[in-house]
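Visitor: My structure is in coords.cif, and what it holds is mmCIF, C-alpha atoms:
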```cif
data_final
#
loop_
_atom_site.label_atom_id
_atom_site.label_comp_id
_atom_site.auth_asym_id
_atom_site.auth_seq_id
_atom_site.Cartn_x
_atom_site.Cartn_y
_atom_site.Cartn_z
CA MET A 222 -78.71 -47.93 -23.34
CA SER A 223 -77.75 -45.21 -20.90
CA ASN A 224 -74.74 -42.95 -21.47
CA ASP A 225 -72.78 -42.55 -18.20
CA SER A 226 -69.98 -40.35 -19.63
CA PRO A 227 -69.91 -36.86 -18.11
CA ALA A 228 -71.41 -34.07 -20.08
CA PRO A 229 -68.89 -31.69 -21.63
CA ALA A 230 -68.38 -28.50 -19.67
CA ALA A 231 -70.18 -25.56 -21.04
CA ARG A 232 -67.92 -23.07 -22.75
CA PRO A 233 -68.04 -19.50 -21.47
CA SER A 234 -69.86 -17.13 -23.66
CA ALA A 235 -68.14 -14.39 -25.60
CA ALA A 236 -69.38 -11.78 -23.12
CA ALA A 237 -67.97 -13.77 -20.19
CA ARG A 238 -64.60 -14.12 -21.95
CA ARG A 239 -64.46 -10.37 -22.52
CA THR A 240 -65.22 -9.82 -18.84
CA LEU A 241 -62.37 -12.12 -17.76
CA LEU A 242 -59.87 -10.38 -20.03
CA GLU A 243 -60.80 -6.87 -19.00
CA PRO A 244 -58.64 -5.35 -16.20
CA ALA A 245 -60.15 -5.01 -12.79
CA PRO A 246 -61.44 -1.60 -11.72
CA GLY A 247 -58.50 0.64 -10.89
CA GLU A 248 -55.94 -1.71 -12.50
CA ARG A 249 -55.08 0.72 -15.29
CA LEU A 250 -54.47 3.49 -12.78
CA ARG A 251 -52.22 1.25 -10.69
CA ARG A 252 -50.23 0.25 -13.76
CA ALA A 253 -49.87 3.88 -14.80
CA ARG A 254 -48.59 4.78 -11.33
CA SER A 255 -46.17 1.84 -11.41
CA TYR A 256 -44.77 2.87 -14.82
CA PHE A 257 -44.49 6.48 -13.70
CA PHE A 258 -42.49 5.72 -10.57
CA GLU A 259 -40.31 3.16 -12.39
CA GLY A 260 -39.49 5.82 -14.96
CA LEU A 261 -38.80 8.31 -12.19
CA CYS A 262 -36.35 5.89 -10.54
CA VAL A 263 -34.57 5.22 -13.84
CA SER A 264 -34.36 8.95 -14.55
CA SER A 265 -32.91 9.62 -11.11
CA ALA A 266 -30.29 6.91 -11.63
CA VAL A 267 -29.33 8.47 -14.98
CA VAL A 268 -29.11 11.93 -13.40
CA VAL A 269 -26.69 10.53 -10.80
CA LEU A 270 -24.58 8.41 -13.15
CA VAL A 271 -24.22 10.74 -16.13
CA PRO A 272 -22.29 13.53 -14.30
CA LEU A 273 -20.07 10.93 -12.62
CA PHE A 274 -19.38 9.27 -15.98
CA LEU A 275 -18.63 12.61 -17.65
CA ILE A 276 -16.24 13.64 -14.87
CA PHE A 277 -14.41 10.32 -15.13
CA ILE A 278 -14.12 10.56 -18.94
CA TYR A 279 -12.88 14.15 -18.70
CA VAL A 280 -10.21 13.30 -16.10
CA VAL A 281 -9.08 10.31 -18.16
CA SER A 282 -8.84 12.38 -21.35
CA LYS A 283 -6.82 15.07 -19.58
CA GLY A 284 -4.56 12.89 -17.44
CA LEU A 285 -3.91 9.79 -19.52
CA SER A 286 -1.34 11.48 -21.77
CA GLY A 287 0.92 12.25 -18.79
CA LEU A 288 0.75 8.75 -17.31
CA SER A 289 4.12 7.00 -17.46
CA LEU A 290 6.60 5.15 -15.29
CA ASP A 291 8.36 8.43 -14.51
CA PHE A 292 5.24 9.71 -12.81
CA PHE A 293 5.57 7.00 -10.14
CA THR A 294 9.38 7.02 -9.82
CA GLN A 295 10.41 10.67 -10.15
CA LEU A 296 10.13 13.67 -7.85
CA PRO A 297 8.46 16.96 -8.82
CA LYS A 298 10.84 19.05 -10.91
CA PRO A 299 10.87 22.73 -11.94
CA PRO A 300 8.39 23.50 -14.74
CA LEU A 301 11.01 25.00 -17.05
CA GLY A 302 13.31 22.30 -18.31
CA ASP A 303 13.39 18.88 -19.86
CA GLU A 304 13.99 16.98 -16.62
CA ARG A 305 11.81 13.97 -16.00
CA SER A 306 9.19 14.87 -13.42
CA GLY A 307 6.60 12.95 -11.45
CA MET A 308 4.71 12.59 -8.18
CA GLY A 309 6.17 9.38 -6.84
CA ASN A 310 6.71 10.85 -3.38
CA ALA A 311 3.08 12.08 -3.29
CA VAL A 312 1.72 8.64 -4.23
CA VAL A 313 3.74 6.99 -1.44
CA GLY A 314 2.77 9.73 1.00
CA THR A 315 -0.94 9.34 0.24
CA LEU A 316 -0.76 5.59 0.87
CA ILE A 317 1.04 6.19 4.18
CA LEU A 318 -1.47 8.82 5.32
CA VAL A 319 -4.43 6.62 4.41
CA ALA A 320 -2.82 3.65 6.18
CA ILE A 321 -2.27 5.68 9.37
CA GLY A 322 -5.82 7.02 9.23
CA CYS A 323 -7.23 3.50 8.77
CA CYS A 324 -5.12 2.06 11.60
CA ILE A 325 -6.55 4.68 13.96
CA GLY A 326 -10.05 5.28 12.59
CA LEU A 327 -11.24 1.82 11.57
CA PRO A 328 -10.82 -0.04 14.90
CA THR A 329 -12.21 2.92 16.81
CA GLY A 330 -15.19 3.40 14.51
CA ILE A 331 -16.06 -0.30 14.24
CA LEU A 332 -15.83 -0.85 18.00
CA ALA A 333 -17.94 2.25 18.61
CA GLY A 334 -20.54 0.93 16.16
CA ILE A 335 -20.55 -2.45 17.92
CA TYR A 336 -21.07 -0.73 21.26
CA LEU A 337 -23.98 1.35 19.95
CA ALA A 338 -25.68 -1.63 18.28
CA GLU A 339 -25.08 -4.36 20.85
CA ILE A 340 -24.55 -2.72 24.24
CA GLY A 341 -25.18 1.01 24.19
CA ARG A 342 -28.37 2.17 25.85
CA GLY A 343 -29.48 5.34 27.52
CA LYS A 344 -27.97 8.81 27.53
CA LEU A 345 -24.38 7.79 26.80
CA ALA A 346 -25.31 5.97 23.58
CA SER A 347 -27.55 8.87 22.53
CA ALA A 348 -24.71 11.30 23.16
CA ILE A 349 -22.29 9.21 21.07
CA ARG A 350 -24.77 9.03 18.19
CA PHE A 351 -25.37 12.77 18.36
CA ILE A 352 -21.63 13.53 18.40
CA ALA A 353 -21.04 11.18 15.45
CA ASP A 354 -23.81 12.84 13.44
CA VAL A 355 -22.52 16.31 14.22
CA LEU A 356 -18.93 15.31 13.46
CA GLY A 357 -20.03 13.98 10.08
CA GLY A 358 -21.22 17.46 9.13
CA VAL A 359 -18.20 19.37 10.41
CA PRO A 360 -16.04 20.81 7.57
CA SER A 361 -12.78 18.92 7.20
CA ILE A 362 -10.75 22.12 7.45
CA THR A 363 -12.11 22.59 10.97
CA ILE A 364 -10.83 19.12 11.88
CA GLY A 365 -7.48 20.11 10.36
CA VAL A 366 -7.29 23.22 12.56
CA PHE A 367 -8.20 21.14 15.62
CA VAL A 368 -5.47 18.56 14.96
CA TYR A 369 -3.03 21.36 14.19
CA ALA A 370 -3.60 22.83 17.64
CA LEU A 371 -3.69 19.41 19.35
CA VAL A 372 -0.77 17.64 17.64
CA VAL A 373 1.27 19.92 15.39
CA VAL A 374 1.78 22.73 17.89
CA PRO A 375 2.96 20.46 20.78
CA MET A 376 5.24 18.51 18.38
CA LYS A 377 6.49 21.81 16.90
CA ARG A 378 6.46 20.30 13.41
CA PHE A 379 4.14 19.07 10.73
CA SER A 380 4.07 15.30 10.42
CA ALA A 381 2.47 12.33 8.72
CA LEU A 382 1.17 11.23 12.13
CA ALA A 383 -0.80 14.46 12.52
CA GLY A 384 -2.20 14.04 9.01
CA GLY A 385 -3.23 10.45 9.76
CA ILE A 386 -4.98 11.52 12.97
CA ALA A 387 -6.90 14.21 11.07
CA LEU A 388 -7.99 11.70 8.42
CA ALA A 389 -9.00 9.21 11.13
CA ILE A 390 -11.30 11.80 12.70
CA VAL A 391 -12.80 12.56 9.28
CA MET A 392 -13.65 8.89 8.68
CA LEU A 393 -14.90 8.09 12.20
CA PRO A 394 -18.56 9.20 11.79
CA THR A 395 -19.06 7.25 8.56
CA VAL A 396 -17.55 4.03 9.93
CA THR A 397 -19.36 4.28 13.28
CA ARG A 398 -22.84 4.93 11.96
CA THR A 399 -22.49 2.43 9.09
CA THR A 400 -21.35 -0.31 11.47
CA GLU A 401 -24.19 0.40 13.90
CA GLU A 402 -26.94 0.38 11.28
CA LEU A 403 -25.71 -2.78 9.57
CA LEU A 404 -25.34 -4.68 12.85
CA LYS A 405 -28.93 -3.80 13.67
CA LEU A 406 -30.01 -5.47 10.42
CA VAL A 407 -28.56 -8.84 11.48
CA PRO A 408 -31.48 -11.17 12.38
CA ALA A 409 -32.02 -11.57 16.12
CA HIS A 410 -32.23 -15.37 15.90
CA LEU A 411 -28.50 -15.54 15.07
CA ARG A 412 -27.66 -13.83 18.34
CA GLU A 413 -30.13 -15.98 20.25
CA ALA A 414 -28.79 -19.21 18.74
CA SER A 415 -25.22 -18.30 19.61
CA LEU A 416 -26.10 -17.31 23.16
CA ALA A 417 -28.18 -20.48 23.58
CA LEU A 418 -25.09 -22.55 22.76
CA GLY A 419 -23.25 -20.91 25.65
CA VAL A 420 -21.12 -18.53 23.59
CA PRO A 421 -20.23 -15.38 25.57
CA GLU A 422 -21.89 -12.18 24.45
CA TRP A 423 -18.64 -10.51 23.37
CA ARG A 424 -17.72 -13.47 21.17
CA THR A 425 -21.23 -13.51 19.71
CA SER A 426 -20.90 -9.85 18.77
CA LEU A 427 -17.45 -10.24 17.21
CA LEU A 428 -17.58 -13.70 15.61
CA VAL A 429 -21.25 -14.04 14.66
CA VAL A 430 -22.92 -10.65 14.30
CA LEU A 431 -19.91 -8.73 13.00
CA ARG A 432 -18.95 -11.45 10.50
CA THR A 433 -22.51 -11.59 9.18
CA ALA A 434 -22.56 -7.83 8.56
CA SER A 435 -18.96 -7.64 7.28
CA PRO A 436 -19.79 -7.20 3.56
CA GLY A 437 -21.91 -4.14 4.22
CA ILE A 438 -19.45 -2.77 6.74
CA GLY A 439 -16.69 -3.23 4.17
CA THR A 440 -18.63 -1.07 1.73
CA GLY A 441 -19.01 1.65 4.36
CA VAL A 442 -15.32 1.45 5.17
CA MET A 443 -14.43 1.91 1.51
CA LEU A 444 -16.66 4.98 1.31
CA ALA A 445 -14.79 6.44 4.26
CA VAL A 446 -11.40 5.56 2.73
CA ALA A 447 -12.42 7.12 -0.58
CA ARG A 448 -13.32 10.31 1.23
CA ILE A 449 -10.10 10.67 3.20
CA ALA A 450 -7.94 9.79 0.19
CA GLY A 451 -9.06 12.99 -1.51
CA GLU A 452 -8.99 15.34 1.49
CA THR A 453 -6.74 18.36 1.00
CA ALA A 454 -7.44 20.92 3.74
CA PRO A 455 -6.75 18.76 6.84
CA VAL A 456 -3.62 17.27 5.23
CA LEU A 457 -2.33 20.71 4.27
CA LEU A 458 -2.70 21.92 7.87
CA THR A 459 -1.13 18.83 9.46
CA ALA A 460 1.23 16.99 7.09
CA LEU A 461 1.92 20.14 5.01
CA GLY A 462 3.77 18.50 2.13
CA PHE A 463 7.33 17.63 1.13
CA GLN A 464 9.25 17.85 -2.13
CA TYR A 465 11.41 14.78 -1.52
CA TRP A 466 11.02 11.11 -0.66
CA SER A 467 9.96 10.52 2.95
CA VAL A 468 8.41 7.67 4.90
CA ALA A 469 8.99 9.07 8.40
CA VAL A 470 5.75 9.47 10.35
CA ASP A 471 7.16 12.26 12.52
CA ARG A 472 8.12 14.48 9.58
CA PRO A 473 6.22 16.35 6.87
CA ILE A 474 5.17 14.14 3.98
CA ALA A 475 3.87 14.67 0.45
CA SER A 476 0.36 13.72 -0.62
CA LEU A 477 -1.47 13.60 -3.93
CA PRO A 478 -4.35 15.97 -3.02
CA VAL A 479 -1.96 18.71 -1.85
CA GLN A 480 0.36 18.22 -4.83
CA ILE A 481 -2.59 18.27 -7.23
CA TRP A 482 -3.84 21.50 -5.66
CA ARG A 483 -0.45 23.17 -5.95
CA ASN A 484 0.10 22.10 -9.55
CA ALA A 485 -3.44 22.92 -10.66
CA THR A 486 -3.20 26.49 -9.35
CA SER A 487 0.17 27.11 -11.02
CA PRO A 488 0.45 29.00 -14.35
CA TYR A 489 2.70 26.36 -15.93
CA PRO A 490 1.16 23.89 -18.43
CA LYS A 491 3.62 21.17 -17.41
CA TRP A 492 2.51 21.28 -13.78
CA GLN A 493 -1.16 21.51 -14.79
CA GLN A 494 -0.74 18.35 -16.86
CA GLU A 495 0.80 16.60 -13.86
CA ALA A 496 -2.17 17.73 -11.76
CA TRP A 497 -4.60 16.00 -14.16
CA THR A 498 -2.47 12.87 -14.14
CA GLY A 499 -2.36 12.95 -10.34
CA ALA A 500 -6.16 13.21 -10.23
CA LEU A 501 -6.41 10.17 -12.50
CA VAL A 502 -4.02 8.18 -10.30
CA LEU A 503 -5.97 9.17 -7.18
CA ILE A 504 -9.20 7.90 -8.76
CA ALA A 505 -7.41 4.69 -9.73
CA ILE A 506 -6.18 4.18 -6.15
CA VAL A 507 -9.69 4.60 -4.75
CA PHE A 508 -11.10 2.26 -7.41
CA PHE A 509 -8.46 -0.38 -6.65
CA LEU A 510 -9.14 -0.21 -2.91
CA ASN A 511 -12.89 -0.59 -3.49
CA LEU A 512 -12.32 -3.53 -5.84
CA LEU A 513 -9.99 -5.19 -3.35
CA ALA A 514 -12.53 -4.79 -0.55
CA ARG A 515 -15.31 -6.25 -2.71
CA ILE A 516 -13.15 -9.28 -3.58
CA VAL A 517 -12.17 -9.91 0.04
CA THR A 518 -15.72 -9.59 1.39
CA SER A 519 -17.24 -11.72 -1.38
CA ARG A 520 -14.70 -14.48 -0.75
CA SER A 521 -15.40 -14.39 2.99
CA VAL A 522 -19.14 -14.68 2.34
CA LYS A 523 -18.64 -17.63 -0.04
CA ALA A 524 -16.35 -19.34 2.48
CA ARG A 525 -19.00 -19.05 5.18
#
```
Once you've parsed the file, please lay out its structure as structure tokens.
Guide:
Amino acid sequence: MSNDSPAPAARPSAAARRTLLEPAPGERLRRARSYFFEGLCVSSAVVVLVPLFLIFIYVVSKGLSGLSLDFFTQLPKPPLGDERSGMGNAVVGTLILVAIGCCIGLPTGILAGIYLAEIGRGKLASAIRFIADVLGGVPSITIGVFVYALVVVPMKRFSALAGGIALAIVMLPTVTRTTEELLKLVPAHLREASLALGVPEWRTSLLVVLRTASPGIGTGVMLAVARIAGETAPVLLTALGFQYWSVAVDRPIASLPVQIWRNATSPYPKWQQEAWTGALVLIAIVFFLNLLARIVTSRSVKAR
């Protein structure tokens, strides 16, 4: 009687099993390189985050004790006395200056970035990119002197408008270059599909390409806002500062960076404490604006 069942497969020998388990030639070296560069990346991240974390903890420890309702509702008072003192006018002034700077700088920077990414070709586009790169490296005090000569001297007064214009110029390079680079990352088939449906090019750029890149552009915008919120030199040369409540854009106005600088350089412990509290509030404002931008952009992405 013949046995038609298939013969069992031969098991690999012990030597063959050892050969299969051994790493291929050069595998150990590749793994060592991979572990080395992963460790290098982690170490670099720690080097970046640890100083930032220490600065934040130090500012919180110094400024938290002076944080109260009076800080947001009272005006700066003389250092000698028991009067309730605060920086309410500086907080309002900083928000006004940042709002003016954003109203001027954001539309201009975003539209310039759209032009460079979607339309700009040739010498004009190259010149705009070069000017934006150079402007990004110009010291902010130089921009303050420029706006002082251009706006403050003809108006014959310091003003919130001049301060907002200076901050808008400071944020322009960041917004322009960020918008351009992120629009270039949008896949070309989205543009082609929109144009194939008969959508005009300008609507494609604004409603398709720009909306697709909006989360990244929002991050770049928040970086620019965080920078201008802490600028002192251009604000000091244009908006100067004010010891009282003011919301007029054609008059001098208080700001947190200038008030922090004045209090920190004073010999009075009371004012120095207010300077630390002002620094903490300024960090909180920047953090809140970044958080708000992340929430808005994430919701827009989920809606799409």
Visitor: Which residue out of A:Ser467, A:Pro300, A:Ala500, A:Pro436 has the minimum interatomic distance to Ile516 (chain A) when only C-alpha atoms are used?
Guide: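 Among the listed residues, the smallest separation from Ile516 (chain A) belongs to A:Pro436.
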Visitor: Tell me, as a ChimeraX atom specification, which residues lie within 8 Å of region 508-515 of chain A, counting all atoms listed in the file; anything in the same chain fewer than 2 positions away does not count.
Guide: /A:436,439-440,443,504-506,517-519
Visitor: Apply the PyMOL selection byres ((chain A and resi 356) around 10) to the structure shown and report the selected residues as a PyMOL selection string.
Guide: chain A and resi 350-355+357-361+364+390-395
Visitor: Skipping near chain neighbours, those fewer than 4 positions away, what residues fall within 8 Å of Ala387 (chain A) using all atoms listed in the file, listed as JSON, numbers by chain?
Guide: {"A": [322, 364, 365, 368, 383, 391, 455, 456, 459]}
Visitor: Between CA of Pro299 (chain A) and CA of Ser286 (chain A), what distance in Å does the model show, to one decimal?
Guide: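 Answer for the CA of Pro299 (chain A) to CA of Ser286 (chain A) separation: 19.3 Å.
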Visitor: Hey, could you make a per-residue contact list for region 348-407 of chain A against region 333-336 of chain A with 6 Å as the cut-off, showing the nearest pair of atoms and its distance in Å to one decimal, counting only C-alpha atoms, sorted by chain and number, as CSV?
Guide:
```
residue,atom,partner,partner_atom,distance
A:Thr397,CA,A:Gly334,CA,4.6
A:Thr400,CA,A:Gly334,CA,4.9
A:Glu401,CA,A:Gly334,CA,4.3
```
Visitor: Please write as a list in words the list of polymer residues whose atoms come within 12 Å of (-25.1, -14.3, 20.9), counting all atoms listed in the file and keeping to the coordinates of the file.
Guide: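 Taken together, the residues in range are Glu339, Val407, Pro408, Ala409, His410, Leu411, Arg412, Glu413, Ala414, Ser415, Leu416, Ala417, Leu418, Gly419, Val420, Pro421, Glu422, Trp423, Arg424, Thr425, Ser426, Leu427, Leu428, Val429, Val430 and Leu431 of chain A.
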Visitor: Write the residues you've just listed into a file as a tab-separated table (two decimals), in the frame of the given file, and include C-alpha atoms for each of them.
Guide:
```tsv
chain	number	residue	atom	x	y	z
A	339	GLU	CA	-25.08	-4.36	20.85
A	407	VAL	CA	-28.56	-8.84	11.48
A	408	PRO	CA	-31.48	-11.17	12.38
A	409	ALA	CA	-32.02	-11.57	16.12
A	410	HIS	CA	-32.23	-15.37	15.90
A	411	LEU	CA	-28.50	-15.54	15.07
A	412	ARG	CA	-27.66	-13.83	18.34
A	413	GLU	CA	-30.13	-15.98	20.25
A	414	ALA	CA	-28.79	-19.21	18.74
A	415	SER	CA	-25.22	-18.30	19.61
A	416	LEU	CA	-26.10	-17.31	23.16
A	417	ALA	CA	-28.18	-20.48	23.58
A	418	LEU	CA	-25.09	-22.55	22.76
A	419	GLY	CA	-23.25	-20.91	25.65
A	420	VAL	CA	-21.12	-18.53	23.59
A	421	PRO	CA	-20.23	-15.38	25.57
A	422	GLU	CA	-21.89	-12.18	24.45
A	423	TRP	CA	-18.64	-10.51	23.37
A	424	ARG	CA	-17.72	-13.47	21.17
A	425	THR	CA	-21.23	-13.51	19.71
A	426	SER	CA	-20.90	-9.85	18.77
A	427	LEU	CA	-17.45	-10.24	17.21
A	428	LEU	CA	-17.58	-13.70	15.61
A	429	VAL	CA	-21.25	-14.04	14.66
A	430	VAL	CA	-22.92	-10.65	14.30
A	431	LEU	CA	-19.91	-8.73	13.00
```
Visitor: When you count only C-alpha atoms, which of these residues is closest to Phe463 (chain A): A:Ala485, A:Leu403, A:Ala381, A:Ala346?
Guide: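 Checking each of A:Ala485, A:Leu403, A:Ala381, A:Ala346 against Phe463 (chain A), counting only C-alpha atoms, the winner is A:Ala381.
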Visitor: Can you spell out as a ChimeraX atom specification the set of residues that the PyMOL selection byres ((chain A and resi 480) around 10) selects in the structure I just provided?
Guide: /A:297,308,310-312,453,457,462-464,475-479,481-485,492,495-496,499-500
Visitor: Give the answer as one residue: which of A:Gly314, A:Gly343, A:Gly284, A:Gly330 has the shortest atom-to-atom distance to Ala389 (chain A), using all atoms listed in the file?
Guide: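 Residue with the minimum atom-to-atom distance to Ala389 (chain A): A:Gly330.
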Visitor: Nearest to Val374 (chain A) among A:Val319, A:Cys262, A:Leu458, A:Leu501, with distances taken over all atoms listed in the file: which residue is it?
Guide: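 Checking each candidate against Val374 (chain A), we get A:Leu458 as the closest.
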Visitor: Of the candidates A:Ser306, A:Gly441, A:Phe258, A:Thr399, which shows the shortest atom-to-atom distance to Ser289 (chain A), using all atoms listed in the file?
Guide: A:Ser306
Visitor: Between CA of Leu332 (chain A) and CA of Arg398 (chain A), measure the distance and give it in Å to one decimal.
Guide: 10.9 Å
Visitor: What's the separation between CA of Gly384 (chain A) and CA of Asp291 (chain A), in Å to one decimal place?
Guide: 26.4 Å
Visitor: Looking at all atoms listed in the file, which of A:Gly326, A:Gly451, A:Gly437, A:Gly341 is the one that sits closest to Ile386 (chain A)?
Guide: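 Of the candidates, the smallest distance to Ile386 (chain A) is held by A:Gly326.
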